[in-house]
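Notes to accompany the following structure.
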Amino acid sequence: DVKVTQSSRYLVKRTGEKVFLECVQDMDHENMFWYRQDPGLGLRLIYFSYDVKMKEKGDIPEGYSVSREKKERFSLILESASTNQTSMYLCASSSPSAGGPRDTQYFGPGTRLTVL
Amino acid sequence: GENVEQHPSTLSVQEGDSAVIKCTYSDSASNYFPWYKQELGKGPQLIIDIRSNVGEKKDQRIAVTLNKTAKHFSLHITETQPEDSAVYFCAAVNSGANSKLTFGKGITLSVRP
């Protein structure tokens with residue numbers, strides 16, 4: 001089974017802090033994604049990556065950056081956390097070369113971040 | 001870009017009844033339509049998907065139908081059970097272009113015992 005893990009389930013930070021959210025997948029997937037989930041807004045894509053050291057902006061990249069130094073790990077960085085970044089953050093991975101459907105995304109359990 | 005609409009935002013059914021959740025999409029080039037179920041405290045999990053070369057797909061109590069002409073697709077759950085209570089997301093993508101899914105806003109399904 002595909003496993004996507006996220007470093008924390010719950011996180012509380014203060015405004016202005018630099019925040020790192022880590023995601024690791026164990027299926028050698030090429031593609032990795034970061035979403036935020038807010039009530040009434042569904043899942044919104046922040047950044048994604050198709051390969052190591054590659055990154056592309058999603059629909060709401062402002063205030064975020066990412067890092068992909070290794071294939072299995074994709075980090076989301078909040079350079080200076082603000083209260084409007086309080087949200088649930090979900091990581092996902094997929095692989096165009098795996099045996100299954102190209103676009104099937106597998107999600108981690110999420111990190112609920114609160115910025116005070 | 002693609003726009004996926006999902007209505008209504010909540011749905012309540014009696015245990016044993018059927019539930020139908022509908023989504024519409026805007027990009028006629030979209031060709032892959034997955035459905036995800038998110039239980040409380042967990043990430044979304046894929047439950048069924050359909051590609052544009054078929055009109056219907058079934059897996060036990062769940063089925064998905066696709067109408068390419070009208071650009072809508074639906075999730076059907078029969079004989080609902082309390083454990084079906086969750087948030088359901090539909091999504092669409094043109095898999096020939098990229099793997100970036102566009103999600104609907106989600107619907108909260110409640111199954112009353």
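So you can find residues: chains in the structure tokens are A, B, ... in the order shown, residues in each start at 1, and ligands are numbered from 1 in order.
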
Using 8 Å as the limit and counting only C-alpha atoms, can you tabulate each residue of chain B that touches chain A, with its shortest atom-to-atom distance in Å and the two atoms involved, as CSV?
```
residue,atom,partner,partner_atom,distance
B:Tyr32,CA,A:Asp103,CA,7.8
B:Pro34,CA,A:Thr104,CA,7.5
B:Gly41,CA,A:Pro109,CA,7.2
B:Lys42,CA,A:Pro109,CA,4.8
B:Gly43,CA,A:Pro109,CA,4.3
B:Pro44,CA,A:Phe107,CA,6.0
B:Gln45,CA,A:Phe107,CA,6.7
B:Leu46,CA,A:Tyr106,CA,7.4
B:Ser95,CA,A:Asp103,CA,6.6
B:Ser99,CA,A:Asp103,CA,5.4
B:Lys100,CA,A:Asp103,CA,7.9
B:Leu101,CA,A:Asp103,CA,7.8
B:Phe103,CA,A:Leu43,CA,6.3
B:Gly104,CA,A:Gly42,CA,6.5
B:Lys105,CA,A:Gly42,CA,3.9
B:Gly106,CA,A:Gly42,CA,5.8
```

Margin query: So that I can check the surroundings of Asn94 (chain B), please list as a PyMOL selection string every protein, DNA and RNA residue that reaches within 7 Å of it, counting only C-alpha atoms and ignoring chain neighbours fewer than 4 positions away.
Written below: chain B and resi 29-32+98

Margin query: Could you pull out the strand (DSSP E) residues of chain A, going by DSSP on the backbone, and write them as a PyMOL selection string?
Written below: chain A and resi 4-6+10-13+19-25+31-38+42-49+56-57+64-70+73-78+87-94+106-107+111-115

Next item on the list: Do a neighbour search on Trp35 (chain B) at 9 Å with only C-alpha atoms, toss out local chain neighbours closer than 5 positions, and write the hits as an MDAnalysis selection string.
Entry: chainID B and resid 45:50 64 75 88:91

Produce a file of the selected residues containing N, CA and C atoms, as an mmCIF file, in the first residue's frame.
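New file part23.cif:
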```cif
data_model
loop_
_atom_site.group_PDB
_atom_site.id
_atom_site.type_symbol
_atom_site.label_atom_id
_atom_site.label_comp_id
_atom_site.auth_asym_id
_atom_site.auth_seq_id
_atom_site.Cartn_x
_atom_site.Cartn_y
_atom_site.Cartn_z
ATOM 1 N N GLN B 45 -9.258 9.715 0.581
ATOM 2 C CA GLN B 45 -8.872 8.423 0.023
ATOM 3 C C GLN B 45 -9.666 8.173 -1.255
ATOM 4 N N LEU B 46 -8.992 7.703 -2.293
ATOM 5 C CA LEU B 46 -9.674 7.388 -3.551
ATOM 6 C C LEU B 46 -10.628 6.219 -3.341
ATOM 7 N N ILE B 47 -11.885 6.383 -3.800
ATOM 8 C CA ILE B 47 -12.838 5.281 -3.673
ATOM 9 C C ILE B 47 -13.244 4.709 -5.023
ATOM 10 N N ILE B 48 -13.273 5.514 -6.051
ATOM 11 C CA ILE B 48 -13.599 5.046 -7.386
ATOM 12 C C ILE B 48 -13.211 6.128 -8.374
ATOM 13 N N ASP B 49 -12.952 5.726 -9.609
ATOM 14 C CA ASP B 49 -12.631 6.712 -10.633
ATOM 15 C C ASP B 49 -13.177 6.234 -11.977
ATOM 16 N N ILE B 50 -13.247 7.138 -12.931
ATOM 17 C CA ILE B 50 -13.746 6.782 -14.252
ATOM 18 C C ILE B 50 -12.984 7.584 -15.295
ATOM 19 N N VAL B 64 -20.069 5.075 -10.442
ATOM 20 C CA VAL B 64 -19.893 6.419 -10.983
ATOM 21 C C VAL B 64 -20.376 6.410 -12.423
ATOM 22 N N LEU B 75 -21.697 10.278 -8.417
ATOM 23 C CA LEU B 75 -21.360 9.153 -7.545
ATOM 24 C C LEU B 75 -22.655 8.608 -6.971
ATOM 25 N N TYR B 88 -17.180 13.948 0.636
ATOM 26 C CA TYR B 88 -16.845 13.364 -0.659
ATOM 27 C C TYR B 88 -16.424 14.477 -1.621
ATOM 28 N N PHE B 89 -15.289 14.263 -2.275
ATOM 29 C CA PHE B 89 -14.775 15.216 -3.261
ATOM 30 C C PHE B 89 -14.759 14.573 -4.637
ATOM 31 N N CYS B 90 -15.233 15.309 -5.630
ATOM 32 C CA CYS B 90 -15.025 14.904 -7.004
ATOM 33 C C CYS B 90 -13.861 15.723 -7.572
ATOM 34 N N ALA B 91 -13.278 15.240 -8.650
ATOM 35 C CA ALA B 91 -12.161 15.948 -9.268
ATOM 36 C C ALA B 91 -12.123 15.619 -10.750
#
```
